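One file, query.tsv, is given below (TSV, C-alpha atoms).
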```tsv
chain	number	residue	atom	x	y	z
L	1	MET	CA	88.78	84.13	83.86
L	2	HIS	CA	92.35	82.82	83.80
L	3	ILE	CA	93.96	86.17	84.57
L	4	GLN	CA	97.61	85.84	85.49
L	5	VAL	CA	98.83	88.17	88.24
L	6	ARG	CA	102.30	89.37	87.32
L	7	PRO	CA	104.34	90.36	90.40
L	8	GLU	CA	106.28	93.00	88.44
L	9	LEU	CA	102.97	94.77	87.80
L	10	THR	CA	101.71	94.57	91.38
L	11	ILE	CA	102.32	96.97	94.25
L	12	GLN	CA	101.15	96.65	97.84
L	13	LEU	CA	99.91	100.01	99.14
L	14	GLU	CA	101.27	101.00	102.51
L	15	GLY	CA	100.13	103.82	104.73
L	16	THR	CA	96.94	105.27	106.07
L	17	ASP	CA	96.65	108.47	104.05
L	18	SER	CA	93.06	109.08	102.98
L	19	THR	CA	93.90	111.48	100.16
L	20	PRO	CA	94.85	110.82	96.53
L	21	ALA	CA	98.48	111.08	97.69
L	22	ILE	CA	98.19	107.43	98.76
L	23	GLY	CA	98.06	106.22	95.14
L	24	TYR	CA	100.44	108.72	93.59
L	25	PRO	CA	103.86	107.37	94.74
L	26	PHE	CA	102.90	103.76	94.15
L	27	ALA	CA	101.75	104.47	90.59
L	28	LYS	CA	105.04	106.32	90.03
L	29	GLN	CA	106.91	103.22	91.26
L	30	LEU	CA	104.90	101.00	88.97
L	31	LEU	CA	105.55	103.25	85.97
L	32	ALA	CA	109.27	103.42	86.80
L	33	ARG	CA	109.55	99.63	86.48
L	34	LYS	CA	109.27	100.07	82.68
L	35	HIS	CA	106.92	97.11	82.23
L	36	ALA	CA	104.20	98.16	79.82
L	37	PHE	CA	100.61	97.84	81.02
L	38	THR	CA	97.30	99.08	79.69
L	39	ALA	CA	95.20	99.24	82.86
L	40	LEU	CA	95.50	99.87	86.57
L	41	PHE	CA	92.97	98.54	89.09
L	42	ALA	CA	93.44	100.51	92.28
L	43	TYR	CA	92.75	99.59	95.89
L	44	ASN	CA	90.02	102.24	96.12
L	45	ASP	CA	88.81	105.37	94.35
L	46	ILE	CA	91.08	107.70	96.33
L	47	SER	CA	94.22	105.78	95.34
L	48	ALA	CA	92.96	105.56	91.75
L	49	ILE	CA	92.68	109.36	91.56
L	50	GLY	CA	96.26	109.71	92.85
L	51	SER	CA	97.37	107.15	90.26
L	52	ILE	CA	95.77	109.22	87.51
L	53	TRP	CA	97.86	112.22	88.63
L	54	ALA	CA	101.04	110.13	88.45
L	55	ILE	CA	100.18	108.71	85.02
L	56	LYS	CA	99.41	112.14	83.58
L	57	GLU	CA	102.59	113.60	85.09
L	58	THR	CA	104.68	111.13	83.08
L	59	GLY	CA	103.03	112.37	79.87
L	60	LEU	CA	100.76	109.37	79.43
L	61	ARG	CA	97.04	109.75	78.87
L	62	VAL	CA	94.14	108.28	80.81
L	63	PRO	CA	92.42	106.30	79.33
L	64	GLU	CA	94.08	106.32	75.90
L	65	ASP	CA	97.39	104.90	77.20
L	66	ILE	CA	96.37	103.46	80.57
L	67	SER	CA	92.84	102.84	81.81
L	68	VAL	CA	92.23	103.33	85.54
L	69	VAL	CA	89.57	101.63	87.69
L	70	GLY	CA	88.84	102.36	91.34
L	71	PHE	CA	86.72	100.66	93.96
L	72	ASP	CA	83.91	102.09	96.16
L	73	ASP	CA	82.27	104.74	93.92
L	74	ILE	CA	82.89	107.61	96.30
L	75	PRO	CA	80.83	110.76	95.58
L	76	GLY	CA	83.82	112.49	93.94
L	77	ALA	CA	84.57	109.61	91.54
L	78	ALA	CA	82.22	110.97	88.87
L	79	TYR	CA	83.90	114.39	89.11
L	80	ALA	CA	87.51	113.21	88.84
L	81	ASN	CA	89.30	114.18	85.64
L	82	PRO	CA	88.56	112.01	83.78
L	83	GLY	CA	85.48	110.60	85.50
L	84	LEU	CA	86.58	107.48	87.33
L	85	THR	CA	85.37	104.03	86.31
L	86	THR	CA	84.79	102.14	89.54
L	87	VAL	CA	83.24	99.17	91.29
L	88	ARG	CA	80.20	100.19	93.35
L	89	GLN	CA	79.31	98.10	96.35
L	90	PRO	CA	75.56	97.85	97.07
L	91	LEU	CA	75.98	99.15	100.64
L	92	ILE	CA	72.28	99.49	101.48
L	93	ARG	CA	71.58	95.97	100.23
L	94	MET	CA	74.60	94.65	102.16
L	95	GLY	CA	73.29	96.26	105.34
L	96	GLN	CA	69.82	94.81	104.81
L	97	ILE	CA	71.19	91.31	104.26
L	98	ALA	CA	73.48	91.56	107.32
L	99	ALA	CA	70.65	92.80	109.54
L	100	GLN	CA	68.30	90.06	108.33
L	101	ALA	CA	70.98	87.40	108.89
L	102	ILE	CA	71.50	88.58	112.48
L	103	VAL	CA	67.76	88.70	113.22
L	104	ASP	CA	67.28	85.24	111.70
L	105	GLN	CA	70.09	83.87	113.84
L	106	ILE	CA	68.78	85.47	117.03
L	107	GLU	CA	65.29	84.14	116.39
L	108	GLY	CA	66.63	80.69	115.51
L	109	ARG	CA	65.32	80.75	111.92
L	110	ALA	CA	68.74	80.28	110.31
L	111	GLU	CA	72.21	78.90	110.91
L	112	TYR	CA	75.32	81.09	110.95
L	113	VAL	CA	76.57	81.78	107.42
L	114	PRO	CA	80.25	82.79	107.44
L	115	GLU	CA	80.17	84.38	104.00
L	116	ILE	CA	77.47	85.93	101.84
L	117	ALA	CA	78.40	86.95	98.29
L	118	ILE	CA	76.72	90.07	96.94
L	119	GLU	CA	77.39	91.15	93.38
L	120	PRO	CA	78.81	94.67	92.98
L	121	GLU	CA	78.10	97.00	90.06
L	122	PHE	CA	80.72	98.04	87.52
L	123	VAL	CA	80.25	101.76	86.84
L	124	VAL	CA	81.89	102.76	83.56
L	125	ARG	CA	83.03	106.36	83.20
L	126	ALA	CA	85.70	108.17	81.18
L	127	SER	CA	88.85	106.68	82.81
L	128	THR	CA	88.64	103.45	80.81
L	129	CYS	CA	88.56	102.46	77.16
L	130	ALA	CA	89.56	99.52	74.98
L	131	ALA	CA	93.24	98.63	75.33
L	132	PRO	CA	95.39	100.12	72.58
L	133	SER	CA	97.40	97.79	70.39
L	134	ARG	CA	101.01	97.18	71.45
L	135	LYS	CA	102.33	99.25	68.51
L	136	VAL	CA	100.10	102.22	69.35
L	137	ARG	CA	101.16	102.02	73.05
L	138	GLU	CA	104.86	102.01	72.14
L	139	GLU	CA	104.44	104.96	69.74
L	140	SER	CA	102.46	106.90	72.36
L	141	ARG	CA	105.11	106.32	75.04
L	142	GLU	CA	107.86	107.39	72.63
L	143	MET	CA	105.93	110.59	71.83
L	144	SER	CA	105.38	111.20	75.57
L	145	GLN	CA	109.11	110.81	76.22
L	146	GLU	CA	109.95	113.17	73.33
L	147	ALA	CA	107.47	115.74	74.68
L	148	LYS	CA	109.01	115.53	78.16
L	149	GLU	CA	112.50	115.97	76.71
L	150	LYS	CA	111.38	118.99	74.65
L	151	THR	CA	109.69	120.51	77.70
L	152	GLY	CA	112.88	120.01	79.70
L	153	GLN	CA	114.99	121.54	76.92
L	154	THR	CA	112.65	124.54	76.63
L	155	ALA	CA	112.75	125.07	80.41
L	156	LEU	CA	116.55	124.86	80.41
L	157	GLN	CA	116.75	127.28	77.48
L	158	ASN	CA	114.42	129.72	79.29
L	159	LEU	CA	116.63	129.54	82.37
L	160	GLN	CA	119.72	130.24	80.28
L	161	ASP	CA	118.09	133.23	78.52
```
Show me this structure written as C-alpha cells.
Amino acid sequence: MHIQVRPELTIQLEGTDSTPAIGYPFAKQLLARKHAFTALFAYNDISAIGSIWAIKETGLRVPEDISVVGFDDIPGAAYANPGLTTVRQPLIRMGQIAAQAIVDQIEGRAEYVPEIAIEPEFVVRASTCAAPSRKVREESREMSQEAKEKTGQTALQNLQD
C-alpha cells in the first residue's frame, strides 16, 4: 500500500484506563501539534470514542474534518456519536481455528504453526467519509478557530455584564 508513517502524526498510548478517557488526551496532543490530518486510526474503539470527544471539543467535525476509525467493534461502537467505523475481528472463527490447531497438534495430524492470518472485517459507519480537499480543510479549521474565539468573547462579555 506504500503508506508512509509520519512520526509527527503518531502517538503511543500509555496507561490502562478502559474508558474513552484513554484516547482523549492523546488526541488533544496530536491536534496541538498543528500538523493537518484527515483521519485518525485508534488503538481500539474505546480510545477512538475518546478521540472523537477531543476532536469535537476543538470545533472540528467528525467525519467532515477528521474521520475516525477504531478497532474491535465493541457493542457500543454503533451507538457512538457518530457511529464508529471500526475493524471487526472474527472472534468466533479465530477461536475455532485455534481450537482445531491445538487438537490437530495433540493428535499428531499437523505441525505447529506459529502464525495464522485471519482477515478482519471493515465495518463502515458514520465516523468516516472521503477526505476533504486541502483547501476545504484549511477553511473549515479557520472557521472553527473563529467560532471558538467568538464563543470565548461572548463568554467573557457575559462575565463582564
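Considering only C-alpha atoms, the residue among L:Gly95, L:Gly83, L:Pro132, L:Pro25 positioned nearest to Ile116 of chain L is L:Gly95.
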Compile the contact shell of Gly70 of chain L as a VMD selection string: residues with an atom at most 12 Å away, counting all atoms listed in the file, same-chain residues fewer than 6 positions apart removed. chain L and resid 20 23 39 to 52 76 to 78 80 83 to 89 122 to 125 127 to 128
Selected residue, from L:Leu91, L:Tyr112, L:Gln105, L:Ala126, that lies nearest to Val68 of chain L when counting all atoms listed in the file: L:Ala126
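Taking atom CA of Asp17 of chain L as the reference point, atom CA of Pro75 of chain L is found at 18.1 Å.
Across the structure, atom CA of Gln12 of chain L and atom CA of Val69 of chain L are spaced 16.2 Å apart.
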Segment 110-121 of chain L rebuilt with all heavy atoms, output as a PDB file, in the frame of the given file:
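Saved result, result_12.pdb, follows:
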```pdb
ATOM      1  N   ALA L 110      67.673  80.595 111.259  1.00  0.00           N
ATOM      2  CA  ALA L 110      68.740  80.280 110.310  1.00  0.00           C
ATOM      3  C   ALA L 110      70.040  79.982 111.046  1.00  0.00           C
ATOM      4  O   ALA L 110      70.261  80.450 112.166  1.00  0.00           O
ATOM      5  CB  ALA L 110      68.944  81.452 109.353  1.00  0.00           C
ATOM      6  N   GLU L 111      70.880  79.209 110.397  1.00  0.00           N
ATOM      7  CA  GLU L 111      72.210  78.900 110.910  1.00  0.00           C
ATOM      8  C   GLU L 111      73.160  80.047 110.535  1.00  0.00           C
ATOM      9  O   GLU L 111      72.900  80.814 109.614  1.00  0.00           O
ATOM     10  CB  GLU L 111      72.720  77.601 110.276  1.00  0.00           C
ATOM     11  CG  GLU L 111      71.918  76.380 110.648  1.00  0.00           C
ATOM     12  CD  GLU L 111      72.127  75.975 112.098  1.00  0.00           C
ATOM     13  OE1 GLU L 111      73.268  76.086 112.585  1.00  0.00           O
ATOM     14  OE2 GLU L 111      71.141  75.569 112.738  1.00  0.00           O
ATOM     15  N   TYR L 112      74.275  80.102 111.249  1.00  0.00           N
ATOM     16  CA  TYR L 112      75.320  81.090 110.950  1.00  0.00           C
ATOM     17  C   TYR L 112      75.875  80.826 109.557  1.00  0.00           C
ATOM     18  O   TYR L 112      76.204  79.698 109.211  1.00  0.00           O
ATOM     19  CB  TYR L 112      76.428  81.019 112.001  1.00  0.00           C
ATOM     20  CG  TYR L 112      77.647  81.808 111.630  1.00  0.00           C
ATOM     21  CD1 TYR L 112      77.640  83.195 111.695  1.00  0.00           C
ATOM     22  CD2 TYR L 112      78.804  81.180 111.187  1.00  0.00           C
ATOM     23  CE1 TYR L 112      78.754  83.940 111.350  1.00  0.00           C
ATOM     24  CE2 TYR L 112      79.923  81.912 110.844  1.00  0.00           C
ATOM     25  CZ  TYR L 112      79.894  83.289 110.919  1.00  0.00           C
ATOM     26  OH  TYR L 112      80.997  84.010 110.562  1.00  0.00           O
ATOM     27  N   VAL L 113      75.973  81.864 108.760  1.00  0.00           N
ATOM     28  CA  VAL L 113      76.570  81.780 107.420  1.00  0.00           C
ATOM     29  C   VAL L 113      77.832  82.644 107.452  1.00  0.00           C
ATOM     30  O   VAL L 113      77.741  83.867 107.601  1.00  0.00           O
ATOM     31  CB  VAL L 113      75.582  82.294 106.340  1.00  0.00           C
ATOM     32  CG1 VAL L 113      76.214  82.218 104.962  1.00  0.00           C
ATOM     33  CG2 VAL L 113      74.283  81.521 106.380  1.00  0.00           C
ATOM     34  N   PRO L 114      79.009  82.028 107.313  1.00  0.00           N
ATOM     35  CA  PRO L 114      80.250  82.790 107.440  1.00  0.00           C
ATOM     36  C   PRO L 114      80.525  83.758 106.291  1.00  0.00           C
ATOM     37  O   PRO L 114      81.281  84.708 106.438  1.00  0.00           O
ATOM     38  CB  PRO L 114      81.333  81.715 107.502  1.00  0.00           C
ATOM     39  CG  PRO L 114      80.733  80.524 106.843  1.00  0.00           C
ATOM     40  CD  PRO L 114      79.253  80.609 107.100  1.00  0.00           C
ATOM     41  N   GLU L 115      79.894  83.532 105.156  1.00  0.00           N
ATOM     42  CA  GLU L 115      80.170  84.380 104.000  1.00  0.00           C
ATOM     43  C   GLU L 115      78.931  84.481 103.126  1.00  0.00           C
ATOM     44  O   GLU L 115      78.299  83.476 102.817  1.00  0.00           O
ATOM     45  CB  GLU L 115      81.327  83.776 103.195  1.00  0.00           C
ATOM     46  CG  GLU L 115      81.809  84.628 102.069  1.00  0.00           C
ATOM     47  CD  GLU L 115      83.029  84.006 101.390  1.00  0.00           C
ATOM     48  OE1 GLU L 115      84.042  83.775 102.061  1.00  0.00           O
ATOM     49  OE2 GLU L 115      82.925  83.735 100.186  1.00  0.00           O
ATOM     50  N   ILE L 116      78.601  85.697 102.737  1.00  0.00           N
ATOM     51  CA  ILE L 116      77.470  85.930 101.840  1.00  0.00           C
ATOM     52  C   ILE L 116      78.001  86.765 100.675  1.00  0.00           C
ATOM     53  O   ILE L 116      78.524  87.858 100.882  1.00  0.00           O
ATOM     54  CB  ILE L 116      76.321  86.685 102.536  1.00  0.00           C
ATOM     55  CG1 ILE L 116      75.801  85.869 103.724  1.00  0.00           C
ATOM     56  CG2 ILE L 116      75.199  86.982 101.551  1.00  0.00           C
ATOM     57  CD1 ILE L 116      74.812  86.617 104.599  1.00  0.00           C
ATOM     58  N   ALA L 117      77.909  86.233  99.469  1.00  0.00           N
ATOM     59  CA  ALA L 117      78.400  86.950  98.290  1.00  0.00           C
ATOM     60  C   ALA L 117      77.294  87.847  97.737  1.00  0.00           C
ATOM     61  O   ALA L 117      76.166  87.404  97.537  1.00  0.00           O
ATOM     62  CB  ALA L 117      78.855  85.961  97.223  1.00  0.00           C
ATOM     63  N   ILE L 118      77.650  89.094  97.504  1.00  0.00           N
ATOM     64  CA  ILE L 118      76.720  90.070  96.940  1.00  0.00           C
ATOM     65  C   ILE L 118      77.407  90.705  95.739  1.00  0.00           C
ATOM     66  O   ILE L 118      78.512  91.230  95.863  1.00  0.00           O
ATOM     67  CB  ILE L 118      76.331  91.145  97.974  1.00  0.00           C
ATOM     68  CG1 ILE L 118      75.720  90.482  99.207  1.00  0.00           C
ATOM     69  CG2 ILE L 118      75.379  92.156  97.361  1.00  0.00           C
ATOM     70  CD1 ILE L 118      75.520  91.418 100.361  1.00  0.00           C
ATOM     71  N   GLU L 119      76.769  90.661  94.608  1.00  0.00           N
ATOM     72  CA  GLU L 119      77.390  91.150  93.380  1.00  0.00           C
ATOM     73  C   GLU L 119      77.471  92.677  93.353  1.00  0.00           C
ATOM     74  O   GLU L 119      76.464  93.367  93.530  1.00  0.00           O
ATOM     75  CB  GLU L 119      76.591  90.658  92.169  1.00  0.00           C
ATOM     76  CG  GLU L 119      77.287  90.936  90.861  1.00  0.00           C
ATOM     77  CD  GLU L 119      76.610  90.227  89.695  1.00  0.00           C
ATOM     78  OE1 GLU L 119      76.048  89.145  89.899  1.00  0.00           O
ATOM     79  OE2 GLU L 119      76.659  90.786  88.594  1.00  0.00           O
ATOM     80  N   PRO L 120      78.669  93.209  93.100  1.00  0.00           N
ATOM     81  CA  PRO L 120      78.810  94.670  92.980  1.00  0.00           C
ATOM     82  C   PRO L 120      78.401  95.122  91.579  1.00  0.00           C
ATOM     83  O   PRO L 120      78.081  94.309  90.716  1.00  0.00           O
ATOM     84  CB  PRO L 120      80.314  94.871  93.202  1.00  0.00           C
ATOM     85  CG  PRO L 120      80.924  93.616  92.674  1.00  0.00           C
ATOM     86  CD  PRO L 120      79.937  92.516  92.989  1.00  0.00           C
ATOM     87  N   GLU L 121      78.448  96.422  91.362  1.00  0.00           N
ATOM     88  CA  GLU L 121      78.100  97.000  90.060  1.00  0.00           C
ATOM     89  C   GLU L 121      79.329  97.665  89.471  1.00  0.00           C
ATOM     90  O   GLU L 121      80.037  98.411  90.160  1.00  0.00           O
ATOM     91  CB  GLU L 121      76.991  98.028  90.244  1.00  0.00           C
ATOM     92  CG  GLU L 121      76.568  98.718  88.968  1.00  0.00           C
ATOM     93  CD  GLU L 121      75.523  99.807  89.196  1.00  0.00           C
ATOM     94  OE1 GLU L 121      75.054  99.965  90.344  1.00  0.00           O
ATOM     95  OE2 GLU L 121      75.207 100.509  88.238  1.00  0.00           O
TER      96      GLU L 121
END
```
